[in-house]
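Engineer: Below is a structure I'd like to ask you about.
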Amino acid sequence: MGESQMLRRLTYLSAGLAVASMASPASAYMVYVSNEKDNTLSVVDSNTKEVVRTIDVGQRPRGITISHDGRFIYLCASDDDTIEIIETATYEIVGSLPSGPDPELFVLSPDGKTLYVANEDDNLVTVIDLDRKRVVAEVPVGVEPEGMGISPDGKTLVNTSETTNMAHFIDTETNEITGNVLVDARPRFAEFKADNSEVWVSSEIGGTVSVIDNASREVKHRITFEIPGLRSESIQPVGVRITADGTKAYVALGPANRVAVVDAKTYEVEKYVLVGQRVWQLAFTPDQKTIISTNGVSNDITFIDVATDEAIQSVTVGSLPWGVVVHPN
Amino acid sequence: MTLQSATHRIPAGPTTGGGFSARQYLVCLKGILVREGLRFLNQRERFVSSLVRPLLWLFVFAAGFRQVLGVSIIPPYKTYVLYEVYITPGLCGMILLFSGMQSSLSMVYDREMGNMRTLLVSPFPRWFLLVSKLLAGVTVSIMQVYAFLAVAWFWGVRPPWTGYLLVLPALFLSGMMLCSLGMLLSSMIKQLENFAGIMNFVIFPMYFASPALYPLWRIQESSPLLHKICVANPFTYAVELIRFALYGQIDWGSLLIVVAFTALFLGGAILAYDPSNGLLSRRQDTGGNA
């Protein structure tokens, strides 16, 4: 083969490779899943859909979130009464935060500086300054606080208390409760719409999602779920996520093994997507093309395509996967 | 159009070593295909009934069982599927199975009515006539499968669109296997009335002892013996071949087994219909009522 011919072939090859790389699917994200039972954190590549790493963490890891720059994962180690800080570059536990006893769920403020933690056992919401790693306030709320949602403008925090069946609205400047809204039994999760207009609160026992108007602090709609062939007791809404454009919401329905797709404007349930057993929490990928559910009993997570609302693939992770968060870039 | 009218129009052409040109073979094939097609089109109730059977399974049976399964992920599925999604490839196989047996029924009927003699006295080689008849039967059953898949799409069973293309060769191969089995059986049946025996002794056991309705691992859990029967059942591999193809994958093991069984059944059928040493000649009943 002549030199010029070889050069030409190499050019074709590199051009082909360039085209192939352009055609490859959207960016891969790292998905972090807390496994409640075996005290680990699974790292899953969203592109290959394989577990790339399993990290040993504190006891009973549940709530999980990530700093906006993606450098640190914050993880509630509930039975160790602490919040662990894991560096994503090294997957090492680099520190902890004083959380108060039995932290279960938390939410990061939109500016990324403050962490609001629900302490299930002592009926408090703990406010932690992340820079100083210190508790700056404690807000007494109802019995067994759990769900935490913060408005995208950072002004309003909503905490749900499982036993009091209330959503408590907290002003983040004064750290005082400004309103209480009664919802259905065992509220589990709170999620704001991107335009701050509504907060959606799921009720596990009540089997509903209450849509609360942020301005009037009144329940403006109650979303109910019906799945043919399933008893209503097995429909237990937990995790809720709403798309950034405010058109669609996803609700994890616990032992119903399905994620409900809800029109976020008309509040009509459009579809039920079959996933693994006891679906618990949900997380979008940053491009919002995929939503991921944790399925506790079947020990896996399911990737759902947001455009088609079809389950694409389920991936086995650790034992009893609970929370999920996706690296922001 | 009858076969006779088709054979009358065989054009004269340069003959090959076997005595007929490729074009003449094609005319013969066309005659048989068109006859089978016409028969199918003229029997609308046959088309409807061939669709109703799998649709009943899909709408009624699957609705009742939808909560029972969906607990484990098995290839080619990558996530949890509803029961109706699981049984759809099995129902495609069911259409092919019934259709294959139905064409064997039509062979018996042809023999009783004397049409078979018309076909077999054709100067073309016997194997070619039988293969043409098989192709005609398989074409008709593949059309039925696609009609079924179209209805299933509206019922929420939506494999990737590439699956609809890739399943075609799988359907063709499975159809060939089941139709040639039917043909082999038809050579052994003397009268139309015996077809009920085929239903009870061939169709139902083949259908139920396969992964069409339940995954094999579940069958193994409940009965190891039944699992062994399933593994020995050629229909098992037809269903798996279709299932994988519908999701864009090739199950090489099933493919090999289906090809091997097709060759076996087809060879057997050609032998059985061979006038010199076949089963048919011994019975001397090709003439039907004549």
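Quick note on naming: the chains in the structure tokens go A, B, ... in the order shown, residues restart at 1 in each chain, and ligands are numbered from 1 in order of appearance.
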Which residues are near region 185-202 of chain A? Cut-off 8 Å, only C-alpha atoms, ignore same chain within fewer than 2 positions. Put them as JSON, numbers by chain.
Structural biologist: {"A": [146, 147, 148, 149, 150, 151, 152, 153, 158, 159, 160, 161, 162, 163, 164, 165, 166, 167, 183, 204, 205, 206, 207, 208, 209, 210, 211, 212, 213, 214, 215, 237, 238, 239, 240, 241, 242, 243, 244, 245, 246]}
Engineer: Using the selection just defined, write its residues with C-alpha atoms as a compact mmCIF listing (two decimals), in the first residue's frame.
Structural biologist:
# COMPACT_ATOMS: atom_id res chain seq x y z
CA GLU A 146 -39.92 13.64 56.62
CA GLY A 147 -40.53 15.34 53.25
CA MET A 148 -38.49 18.42 52.44
CA GLY A 149 -39.03 20.76 49.51
CA ILE A 150 -37.65 24.21 48.84
CA SER A 151 -39.02 26.75 46.41
CA PRO A 152 -36.65 27.49 43.50
CA ASP A 153 -36.48 31.13 44.65
CA VAL A 158 -41.86 22.97 53.05
CA ASN A 159 -41.57 20.14 55.51
CA THR A 160 -44.13 17.36 55.82
CA SER A 161 -44.75 15.55 59.08
CA GLU A 162 -45.84 11.95 58.77
CA THR A 163 -47.95 11.68 61.89
CA THR A 164 -49.38 15.20 62.05
CA ASN A 165 -50.34 14.90 58.36
CA MET A 166 -49.33 18.44 57.65
CA ALA A 167 -47.20 20.41 55.26
CA VAL A 183 -52.97 16.92 53.75
CA GLU A 204 -48.34 7.46 51.38
CA ILE A 205 -51.34 6.10 53.30
CA GLY A 206 -53.87 8.52 51.84
CA GLY A 207 -52.79 7.41 48.38
CA THR A 208 -52.96 10.94 47.00
CA VAL A 209 -50.82 13.87 45.94
CA SER A 210 -52.01 17.25 47.23
CA VAL A 211 -51.27 20.22 45.01
CA ILE A 212 -50.89 23.23 47.31
CA ASP A 213 -51.00 26.77 45.99
CA ASN A 214 -47.89 28.55 47.30
CA ALA A 215 -49.54 31.95 47.48
CA PRO A 237 -47.29 7.70 46.55
CA VAL A 238 -43.79 8.63 47.74
CA GLY A 239 -41.24 10.40 45.53
CA VAL A 240 -42.44 13.22 43.27
CA ARG A 241 -40.55 15.04 40.52
CA ILE A 242 -41.83 17.78 38.20
CA THR A 243 -40.13 18.68 34.91
CA ALA A 244 -38.43 22.09 34.74
CA ASP A 245 -40.93 23.28 32.13
CA GLY A 246 -43.75 22.43 34.53
Engineer: May I ask you to extract the residues of chain B within 7 Å of chain A, using only C-alpha atoms, and to give them as a VMD selection string?
Structural biologist: chain B and resid 78 to 81
Engineer: Write a file of the selected residues as a PDB file, in the first residue's frame, keeping C-alpha atoms.
Structural biologist:
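Below is the file that was written, out_29.pdb:
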ATOM      1  CA  LYS B  78     -34.210  -5.065  29.881  1.00  0.00           C
ATOM      2  CA  THR B  79     -36.804  -4.061  32.411  1.00  0.00           C
ATOM      3  CA  TYR B  80     -40.074  -5.283  33.904  1.00  0.00           C
ATOM      4  CA  VAL B  81     -42.792  -6.057  31.388  1.00  0.00           C
TER       5      VAL B  81
END
Engineer: Would you list the contacts of Lys133 (chain B) as number ranges by chain, taking every protein, DNA or RNA residue within 9 Å and counting only C-alpha atoms, but skipping same-chain residues closer than 6 positions in sequence?
Structural biologist: B: 29, 32-33, 36, 103
Engineer: Output C-alpha atoms for every residue in the selection just made, as an mmCIF file, in the first residue's frame.
Structural biologist:
data_model
loop_
_atom_site.group_PDB
_atom_site.id
_atom_site.type_symbol
_atom_site.label_atom_id
_atom_site.label_comp_id
_atom_site.auth_asym_id
_atom_site.auth_seq_id
_atom_site.Cartn_x
_atom_site.Cartn_y
_atom_site.Cartn_z
ATOM 1 C CA LEU B 29 -44.929 -21.398 -7.443
ATOM 2 C CA ILE B 32 -49.794 -22.388 -5.709
ATOM 3 C CA LEU B 33 -49.277 -19.101 -3.847
ATOM 4 C CA GLU B 36 -53.597 -20.348 -1.214
ATOM 5 C CA SER B 103 -52.530 -26.012 6.186
#
Engineer: If you run DSSP on this backbone, which residues of region 47-234 of chain A come out as helix (DSSP H, G or I), and could you give them as a PDB file with C-alpha atoms, in the first residue's frame?
Structural biologist:
ATOM      1  CA  SER A  78     -29.775   7.598  59.503  1.00  0.00           C
ATOM      2  CA  ASP A  79     -28.649   5.013  62.072  1.00  0.00           C
ATOM      3  CA  ASP A  80     -25.309   6.795  62.563  1.00  0.00           C
ATOM      4  CA  SER A 232     -56.066   0.914  46.484  1.00  0.00           C
ATOM      5  CA  GLU A 233     -54.014   0.075  49.637  1.00  0.00           C
ATOM      6  CA  SER A 234     -51.070  -0.904  47.504  1.00  0.00           C
TER       7      SER A 234
END
Engineer: Using only C-alpha atoms, determine which residues lie at most 10 Å from region 55-57 of chain A, disregarding the query and same-chain residues fewer than 2 positions distant; provide the list as a list in words.
Structural biologist: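 Everything that qualifies: Ser34, Asn35, Asp38, Asn39, Thr40, Leu41, Ser42, Val43, Arg53, Gln59, Arg60, Pro61, Leu75, Cys76, Ala77, Glu84, Ile85, Ile86, Tyr91, Glu92 and Ile93 of chain A.
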Engineer: Which is closest to Asn295 (chain A) among A:Asn119, A:Thr308, A:Thr65, A:Thr316, if we use only C-alpha atoms?
Structural biologist: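 Of all the options, A:Thr316 lies closest to Asn295 (chain A).
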Engineer: Show me, as a ChimeraX atom specification, the residues that have an atom within 9 Å of region 169-174 of chain A when counting only C-alpha atoms, minus same-chain residues fewer than 3 positions from it.
Structural biologist: /A:139,154-160,177-181,217
Engineer: Just write the chosen residues, N, CA and C atoms, as an mmCIF file, in the first residue's frame.
Structural biologist:
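The resulting file, result-v1.cif, is shown below:
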data_model
loop_
_atom_site.group_PDB
_atom_site.id
_atom_site.type_symbol
_atom_site.label_atom_id
_atom_site.label_comp_id
_atom_site.auth_asym_id
_atom_site.auth_seq_id
_atom_site.Cartn_x
_atom_site.Cartn_y
_atom_site.Cartn_z
ATOM 1 N N VAL A 139 -35.886 24.204 63.655
ATOM 2 C CA VAL A 139 -37.285 24.644 63.574
ATOM 3 C C VAL A 139 -38.174 23.509 64.063
ATOM 4 N N GLY A 154 -35.856 30.004 46.706
ATOM 5 C CA GLY A 154 -35.157 29.845 47.985
ATOM 6 C C GLY A 154 -35.859 30.474 49.169
ATOM 7 N N LYS A 155 -37.047 31.026 48.960
ATOM 8 C CA LYS A 155 -37.684 31.766 50.062
ATOM 9 C C LYS A 155 -38.508 30.866 50.979
ATOM 10 N N THR A 156 -39.073 29.806 50.418
ATOM 11 C CA THR A 156 -39.996 28.987 51.205
ATOM 12 C C THR A 156 -39.517 27.545 51.279
ATOM 13 N N LEU A 157 -39.522 27.039 52.499
ATOM 14 C CA LEU A 157 -39.195 25.636 52.711
ATOM 15 C C LEU A 157 -40.465 24.928 53.147
ATOM 16 N N VAL A 158 -40.698 23.731 52.609
ATOM 17 C CA VAL A 158 -41.862 22.968 53.045
ATOM 18 C C VAL A 158 -41.379 21.671 53.657
ATOM 19 N N ASN A 159 -41.868 21.409 54.862
ATOM 20 C CA ASN A 159 -41.570 20.141 55.515
ATOM 21 C C ASN A 159 -42.885 19.430 55.756
ATOM 22 N N THR A 160 -42.903 18.109 55.547
ATOM 23 C CA THR A 160 -44.131 17.358 55.819
ATOM 24 C C THR A 160 -43.899 16.507 57.054
ATOM 25 N N ILE A 177 -42.209 29.040 61.033
ATOM 26 C CA ILE A 177 -43.332 28.493 60.266
ATOM 27 C C ILE A 177 -44.313 29.616 59.938
ATOM 28 N N THR A 178 -44.672 29.700 58.674
ATOM 29 C CA THR A 178 -45.602 30.750 58.266
ATOM 30 C C THR A 178 -46.963 30.177 57.869
ATOM 31 N N GLY A 179 -47.035 28.870 57.764
ATOM 32 C CA GLY A 179 -48.330 28.293 57.423
ATOM 33 C C GLY A 179 -48.306 26.784 57.569
ATOM 34 N N ASN A 180 -49.471 26.210 57.916
ATOM 35 C CA ASN A 180 -49.601 24.753 58.001
ATOM 36 C C ASN A 180 -50.784 24.325 57.153
ATOM 37 N N VAL A 181 -50.592 23.334 56.338
ATOM 38 C CA VAL A 181 -51.684 22.856 55.474
ATOM 39 C C VAL A 181 -51.910 21.380 55.758
ATOM 40 N N ARG A 217 -51.665 29.093 50.064
ATOM 41 C CA ARG A 217 -51.439 27.990 51.016
ATOM 42 C C ARG A 217 -52.696 27.149 51.198
#
Engineer: Applying 9 Å and only C-alpha atoms, which residues near Ser186 (chain B) remain after dropping the ones on its own chain fewer than 6 positions away? List them as a ChimeraX atom specification.
Structural biologist: /B:101,103-108,195,269
Engineer: Using the selection just defined, write its residues with N, CA and C atoms as a PDB file, in the first residue's frame.
Structural biologist:
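See part_4.pdb below for the written result:
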ATOM      1  N   MET B 101     -50.877 -26.047  11.225  1.00  0.00           N
ATOM      2  CA  MET B 101     -51.729 -27.232  11.338  1.00  0.00           C
ATOM      3  C   MET B 101     -52.944 -27.118  10.416  1.00  0.00           C
ATOM      4  N   SER B 103     -52.913 -25.674   7.554  1.00  0.00           N
ATOM      5  CA  SER B 103     -52.530 -26.012   6.186  1.00  0.00           C
ATOM      6  C   SER B 103     -52.385 -27.518   6.053  1.00  0.00           C
ATOM      7  N   SER B 104     -52.036 -28.179   7.165  1.00  0.00           N
ATOM      8  CA  SER B 104     -51.991 -29.642   7.093  1.00  0.00           C
ATOM      9  C   SER B 104     -53.413 -30.178   6.953  1.00  0.00           C
ATOM     10  N   LEU B 105     -54.336 -29.501   7.629  1.00  0.00           N
ATOM     11  CA  LEU B 105     -55.744 -29.890   7.486  1.00  0.00           C
ATOM     12  C   LEU B 105     -56.175 -29.744   6.033  1.00  0.00           C
ATOM     13  N   SER B 106     -55.731 -28.663   5.414  1.00  0.00           N
ATOM     14  CA  SER B 106     -56.146 -28.431   4.029  1.00  0.00           C
ATOM     15  C   SER B 106     -55.532 -29.479   3.097  1.00  0.00           C
ATOM     16  N   MET B 107     -54.352 -29.990   3.476  1.00  0.00           N
ATOM     17  CA  MET B 107     -53.752 -31.054   2.667  1.00  0.00           C
ATOM     18  C   MET B 107     -54.624 -32.312   2.720  1.00  0.00           C
ATOM     19  N   VAL B 108     -55.101 -32.610   3.934  1.00  0.00           N
ATOM     20  CA  VAL B 108     -55.958 -33.790   4.078  1.00  0.00           C
ATOM     21  C   VAL B 108     -57.238 -33.583   3.283  1.00  0.00           C
ATOM     22  N   PHE B 195     -58.461 -34.800  12.402  1.00  0.00           N
ATOM     23  CA  PHE B 195     -57.769 -33.563  12.742  1.00  0.00           C
ATOM     24  C   PHE B 195     -57.945 -33.202  14.216  1.00  0.00           C
ATOM     25  N   ALA B 269     -41.383 -34.817   5.415  1.00  0.00           N
ATOM     26  CA  ALA B 269     -42.599 -34.606   4.617  1.00  0.00           C
ATOM     27  C   ALA B 269     -42.342 -34.966   3.150  1.00  0.00           C
TER      28      ALA B 269
END
